[in-house]
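Quick notes on the structure that follows.
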Amino acid sequence: MWNPADDYANVREIRVKTTAYLGVGAINKIDDILGQLKSEGIHAVLCVCGGRSYKITGAWEKVEAAAQKHGITLALYNRVTPNPTTDSVDEAAAMGRAVNAGAVLAIGGGSPIDCGKSAAILLANPGKTGDDLYCYRFTPQTALPVIAVNLTHGTGSEVNRFAVATVTKLNYKPAIAYDCIYPRYAIDDPALMTGLSPDQTRYVSIDAVNHVIEAATTTVTNPLAIGLAAETIRLVHQWLPAALADPADLKARHQLCYAALQAGVAFDNGLLHFTHALEHPLSAVSPDLSHGLGLAVLLPAVILECYPACPGVLAHILAPMAPDLKGLPEEAPKAAKAVENWLASVGVTQKLADIGVTAADIENFCDLVEQTPSLGLLLSVAPLEGTRDRVARIYANSLKPLA
């Protein structure tokens, strides 16, 4: 666990930026939010969504009513797919320019929120494209105000400065992180999340768990990230089975939503490393692969690799899944297997071989890890050096269940 006596002279940056509204009925805050935008002279808002959830959850009805009340024009871009592309970012930005949007409202999970953040940058930086942004051809300093209505309990994007999109023609899935895309407001309403399928429920919560395991074990972590990690894993361990048993359980959804929000703040502070760096090429090559599932197949092998470098922290935060860990480096196989067993207990048993990846594919994925912009930064803060051999070993150990 975090021991300030060992680190009191090491200055750590702690970030808490977004105003988030959490709880059943939080969607009603959209009225106040749009009223505030109107008072600032904003008359048109670009809304970025997926194809269905923004409507079937009831969120859109609330947004439309608030916009009508305050005389705000809404431009609806509702074609964001899972693992959004820079083409979608360009299309959304074009729609925003057509109405002279003064803000961006993203409604959905991580994909619409990330696409909305990216479009907000392009709208404030005329002449730039999604490829320019995600191939790091410029460094944005400004973006339109972003409001995030979150519809899943996993992303964390509603409270941090990160976004992800795929550059399709290169099979690159980079991440960006800029202060200008912190959402000004976020809405986390558990009542909007009861329609998530069992698999969606699993995968988004597993995403939150990955966020904090990585954030707590980077070389730049801080005590806030580690504290949030322990609480996030405790909440997901306790409440994910309840949400799977009864999708309408609002208390379970609330606790998972709170866990995911904490996880978003945790990785905003501690950053990410191996699991996300290695998953991004998987879902860039196979856009239909759920991000959370991709993370799940890699996580046990990442624990196996990283545990000896930070056994105290991992034993502390993994206690709900592996209560017998003592924080000793030689426990790595035990810790990794405990995480794999927990994943199986919530219905996720797939490994890389089950999603069509073979040993012959590993070299290509290693190439993509090395070539994709931003992934080198993630590896640079990993608890162990992110060598090609280590990356290949994690992929190889993820092909099938651990021995």
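Going through the structure tokens in order, the chains are called A, B, and so on, while each chain numbers its residues from 1 and the ligands are numbered from 1 in the order shown.
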
Selection: 9 Å around segment 39-56 of chain A, only C-alpha atoms, excl. self and same-chain fewer than 3 positions, as number ranges by chain: A: 34-36, 59-61, 70-82, 92-93, 95-97, 99-109, 111-113, 115-116, 119-120, 151, 192, 195

All residues 12 Å or closer to Asp32 of chain A, only C-alpha atoms, same chain fewer than 4 positions away omitted, as a ChimeraX atom specification: /A:21,26-28,36-39,62-63,65-67,69-70,147,185,187

Could you save the residues just selected, with all heavy atoms, as a short mmCIF file (atom, residue, chain, number, x, y, z; two decimals), in the first residue's frame?
data_model
loop_
_atom_site.label_atom_id
_atom_site.label_comp_id
_atom_site.auth_asym_id
_atom_site.auth_seq_id
_atom_site.Cartn_x
_atom_site.Cartn_y
_atom_site.Cartn_z
N TYR A 21 -22.22 15.05 -11.33
CA TYR A 21 -23.47 14.82 -10.61
C TYR A 21 -23.73 13.32 -10.63
O TYR A 21 -23.92 12.72 -11.69
CB TYR A 21 -24.62 15.57 -11.27
CG TYR A 21 -24.43 17.07 -11.26
CD1 TYR A 21 -24.06 17.75 -12.42
CD2 TYR A 21 -24.60 17.81 -10.10
CE1 TYR A 21 -23.86 19.13 -12.42
CE2 TYR A 21 -24.42 19.19 -10.09
CZ TYR A 21 -24.06 19.85 -11.25
OH TYR A 21 -23.87 21.21 -11.25
N ALA A 26 -29.92 12.24 -11.62
CA ALA A 26 -28.91 13.25 -11.95
C ALA A 26 -29.12 13.83 -13.35
O ALA A 26 -28.70 14.96 -13.62
CB ALA A 26 -27.51 12.65 -11.84
N ILE A 27 -29.78 13.08 -14.24
CA ILE A 27 -30.01 13.58 -15.59
C ILE A 27 -30.80 14.89 -15.57
O ILE A 27 -30.67 15.71 -16.48
CB ILE A 27 -30.73 12.51 -16.46
CG1 ILE A 27 -30.85 12.97 -17.91
CG2 ILE A 27 -32.08 12.17 -15.87
CD1 ILE A 27 -29.54 13.24 -18.60
N ASN A 28 -31.58 15.12 -14.52
CA ASN A 28 -32.35 16.35 -14.44
C ASN A 28 -31.47 17.59 -14.31
O ASN A 28 -31.93 18.71 -14.55
CB ASN A 28 -33.34 16.28 -13.27
CG ASN A 28 -34.41 15.22 -13.50
OD1 ASN A 28 -35.00 15.13 -14.57
ND2 ASN A 28 -34.64 14.38 -12.50
N GLN A 36 -27.01 27.36 -17.89
CA GLN A 36 -25.73 28.03 -17.69
C GLN A 36 -25.06 28.33 -19.03
O GLN A 36 -24.53 29.42 -19.24
CB GLN A 36 -24.81 27.15 -16.82
CG GLN A 36 -23.40 27.68 -16.63
CD GLN A 36 -23.36 29.00 -15.89
OE1 GLN A 36 -24.20 29.27 -15.03
NE2 GLN A 36 -22.40 29.85 -16.24
N LEU A 37 -25.09 27.36 -19.96
CA LEU A 37 -24.50 27.60 -21.27
C LEU A 37 -25.19 28.76 -21.98
O LEU A 37 -24.54 29.62 -22.59
CB LEU A 37 -24.58 26.34 -22.13
CG LEU A 37 -23.77 25.12 -21.68
CD1 LEU A 37 -23.93 23.98 -22.68
CD2 LEU A 37 -22.29 25.47 -21.51
N LYS A 38 -26.52 28.81 -21.89
CA LYS A 38 -27.25 29.90 -22.55
C LYS A 38 -26.87 31.25 -21.94
O LYS A 38 -26.72 32.25 -22.66
CB LYS A 38 -28.76 29.66 -22.41
CG LYS A 38 -29.60 30.66 -23.19
CD LYS A 38 -29.29 30.59 -24.70
CE LYS A 38 -30.12 31.59 -25.50
NZ LYS A 38 -31.53 31.19 -25.57
N SER A 39 -26.68 31.28 -20.63
CA SER A 39 -26.30 32.53 -19.97
C SER A 39 -24.92 33.01 -20.42
O SER A 39 -24.60 34.20 -20.29
CB SER A 39 -26.33 32.37 -18.45
OG SER A 39 -25.22 31.62 -17.99
N LYS A 62 -34.85 14.17 -21.93
CA LYS A 62 -34.53 15.21 -20.96
C LYS A 62 -33.70 16.32 -21.61
O LYS A 62 -33.91 17.51 -21.34
CB LYS A 62 -33.74 14.61 -19.79
CG LYS A 62 -34.51 13.58 -18.98
CD LYS A 62 -35.54 14.24 -18.09
CE LYS A 62 -36.17 13.23 -17.15
NZ LYS A 62 -37.14 13.87 -16.23
N VAL A 63 -32.76 15.94 -22.46
CA VAL A 63 -31.90 16.92 -23.12
C VAL A 63 -32.73 17.80 -24.05
O VAL A 63 -32.59 19.03 -24.05
CB VAL A 63 -30.78 16.22 -23.90
CG1 VAL A 63 -30.04 17.20 -24.80
CG2 VAL A 63 -29.79 15.55 -22.92
N ALA A 65 -35.92 18.49 -23.93
CA ALA A 65 -36.81 19.37 -23.17
C ALA A 65 -36.04 20.56 -22.60
O ALA A 65 -36.51 21.71 -22.65
CB ALA A 65 -37.48 18.59 -22.04
N ALA A 66 -34.86 20.32 -22.07
CA ALA A 66 -34.05 21.40 -21.51
C ALA A 66 -33.59 22.37 -22.59
O ALA A 66 -33.59 23.59 -22.39
CB ALA A 66 -32.85 20.82 -20.76
N ALA A 67 -33.21 21.83 -23.75
CA ALA A 67 -32.77 22.69 -24.85
C ALA A 67 -33.91 23.58 -25.34
O ALA A 67 -33.72 24.78 -25.61
CB ALA A 67 -32.23 21.84 -25.99
N LYS A 69 -36.51 24.56 -23.61
CA LYS A 69 -36.78 25.54 -22.56
C LYS A 69 -35.84 26.73 -22.64
O LYS A 69 -36.26 27.88 -22.45
CB LYS A 69 -36.66 24.86 -21.19
CG LYS A 69 -36.80 25.80 -20.01
CD LYS A 69 -36.63 25.05 -18.69
CE LYS A 69 -36.62 26.00 -17.51
NZ LYS A 69 -36.45 25.28 -16.21
N HIS A 70 -34.58 26.47 -22.94
CA HIS A 70 -33.58 27.53 -22.92
C HIS A 70 -33.26 28.09 -24.31
O HIS A 70 -32.37 28.95 -24.45
CB HIS A 70 -32.29 27.02 -22.27
CG HIS A 70 -32.46 26.66 -20.82
ND1 HIS A 70 -32.67 27.61 -19.84
CD2 HIS A 70 -32.50 25.46 -20.20
CE1 HIS A 70 -32.82 27.01 -18.67
NE2 HIS A 70 -32.71 25.71 -18.85
N ILE A 147 -19.74 18.64 -22.09
CA ILE A 147 -20.62 18.10 -21.06
C ILE A 147 -20.80 16.62 -21.37
O ILE A 147 -21.06 16.26 -22.53
CB ILE A 147 -22.00 18.81 -21.03
CG1 ILE A 147 -21.82 20.29 -20.73
CG2 ILE A 147 -22.91 18.17 -19.98
CD1 ILE A 147 -21.76 21.14 -21.96
N TYR A 185 -18.93 19.58 -16.99
CA TYR A 185 -19.91 18.90 -16.16
C TYR A 185 -20.03 17.45 -16.62
O TYR A 185 -19.89 17.14 -17.81
CB TYR A 185 -21.30 19.54 -16.27
CG TYR A 185 -21.35 20.98 -15.86
CD1 TYR A 185 -21.43 22.00 -16.82
CD2 TYR A 185 -21.35 21.35 -14.51
CE1 TYR A 185 -21.49 23.33 -16.45
CE2 TYR A 185 -21.41 22.68 -14.13
CZ TYR A 185 -21.48 23.67 -15.11
OH TYR A 185 -21.54 24.99 -14.74
N ILE A 187 -22.63 13.90 -15.88
CA ILE A 187 -23.83 13.33 -15.26
C ILE A 187 -23.67 11.82 -15.22
O ILE A 187 -23.48 11.17 -16.25
CB ILE A 187 -25.09 13.72 -16.04
CG1 ILE A 187 -25.37 15.23 -15.84
CG2 ILE A 187 -26.29 12.88 -15.61
CD1 ILE A 187 -26.52 15.75 -16.69
#

7 Å contact set for Ala336 of chain A, only C-alpha atoms, chain neighbours under 4 positions out, as a ChimeraX atom specification: /A:300-301,303-304,332,340

Give me the residues within 12 Å of Met193 of chain A as a PyMOL selection string, counting only C-alpha atoms and dropping any in the same chain fewer than 6 places off. chain A and resi 23-25+27+53-54+56-59+108-109+149-154+187+200-201+204+243+247-257

Hey, what's within 8 Å of Leu244 of chain A if we count only C-alpha atoms and toss same-chain stuff fewer than 4 positions away? As JSON, numbers by chain, please? {"A": [198, 201, 202, 240]}

Rank A:Tyr136, A:Phe267, A:Tyr172, A:Phe365 by their smallest atom-to-atom distance to Ile226 of chain A, using only C-alpha atoms, and report the top residue only. A:Phe267

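Proximity ranking of A:Val209, A:Leu278, A:Ala338, A:Ile317 relative to Leu352 of chain A places A:Leu278 first, based on only C-alpha atoms.
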
Please identify all polymer residues within 8 Å of segment 372-384 of chain A, counting only C-alpha atoms, omitting same-chain residues fewer than 3 positions from it, and present them as a short mmCIF file (atom, residue, chain, number, x, y, z; two decimals) with N, CA and C atoms, in the first residue's frame.
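New file result29.cif:
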data_model
loop_
_atom_site.label_atom_id
_atom_site.label_comp_id
_atom_site.auth_asym_id
_atom_site.auth_seq_id
_atom_site.Cartn_x
_atom_site.Cartn_y
_atom_site.Cartn_z
N TYR A 134 -4.91 12.72 -33.72
CA TYR A 134 -4.49 11.43 -33.18
C TYR A 134 -3.15 10.94 -33.72
N CYS A 135 -2.63 11.63 -34.72
CA CYS A 135 -1.25 11.36 -35.14
C CYS A 135 -0.29 12.41 -34.58
N TYR A 136 -0.78 13.21 -33.65
CA TYR A 136 0.04 14.16 -32.91
C TYR A 136 0.71 15.20 -33.82
N TYR A 172 -4.00 2.19 -35.98
CA TYR A 172 -3.52 2.84 -34.77
C TYR A 172 -4.71 3.21 -33.90
N LYS A 173 -4.58 2.98 -32.61
CA LYS A 173 -5.60 3.43 -31.66
C LYS A 173 -4.89 4.19 -30.55
N PRO A 174 -4.51 5.44 -30.81
CA PRO A 174 -3.78 6.22 -29.82
C PRO A 174 -4.73 6.81 -28.77
N ALA A 175 -4.14 7.24 -27.68
CA ALA A 175 -4.85 8.02 -26.67
C ALA A 175 -4.30 9.44 -26.68
N ILE A 176 -5.17 10.39 -26.37
CA ILE A 176 -4.73 11.76 -26.17
C ILE A 176 -5.09 12.17 -24.75
N THR A 217 -0.10 1.45 -10.07
CA THR A 217 1.21 0.79 -10.17
C THR A 217 2.15 1.44 -11.17
N THR A 218 1.82 2.63 -11.66
CA THR A 218 2.76 3.33 -12.54
C THR A 218 3.87 3.96 -11.70
N THR A 219 4.87 4.44 -12.39
CA THR A 219 5.98 5.12 -11.71
C THR A 219 5.60 6.54 -11.30
N VAL A 220 4.43 7.03 -11.76
CA VAL A 220 4.01 8.40 -11.44
C VAL A 220 2.73 8.42 -10.61
N LEU A 271 -2.17 7.63 -14.45
CA LEU A 271 -1.99 7.16 -15.83
C LEU A 271 -2.20 5.64 -15.93
N LEU A 272 -1.91 5.09 -17.10
CA LEU A 272 -2.12 3.68 -17.39
C LEU A 272 -0.83 3.09 -17.93
N HIS A 273 -0.77 1.75 -18.05
CA HIS A 273 0.43 1.17 -18.64
C HIS A 273 0.11 -0.07 -19.49
N PHE A 274 0.58 -1.25 -19.09
CA PHE A 274 0.60 -2.39 -20.00
C PHE A 274 -0.76 -2.81 -20.55
N ALA A 277 -2.07 -0.36 -23.08
CA ALA A 277 -1.16 -0.25 -24.22
C ALA A 277 -1.24 -1.46 -25.13
N CYS A 306 3.87 -7.85 -13.56
CA CYS A 306 4.13 -6.64 -12.78
C CYS A 306 4.18 -6.85 -11.28
N ALA A 309 7.28 -6.25 -9.10
CA ALA A 309 7.79 -4.88 -9.03
C ALA A 309 7.04 -4.03 -8.02
N CYS A 310 5.82 -4.39 -7.68
CA CYS A 310 5.00 -3.58 -6.75
C CYS A 310 4.09 -4.49 -5.94
N LEU A 368 2.59 -2.92 -33.56
CA LEU A 368 1.60 -1.87 -33.36
C LEU A 368 1.78 -1.16 -32.02
N VAL A 369 2.15 -1.90 -30.99
CA VAL A 369 2.44 -1.27 -29.70
C VAL A 369 3.57 -0.27 -29.85
#
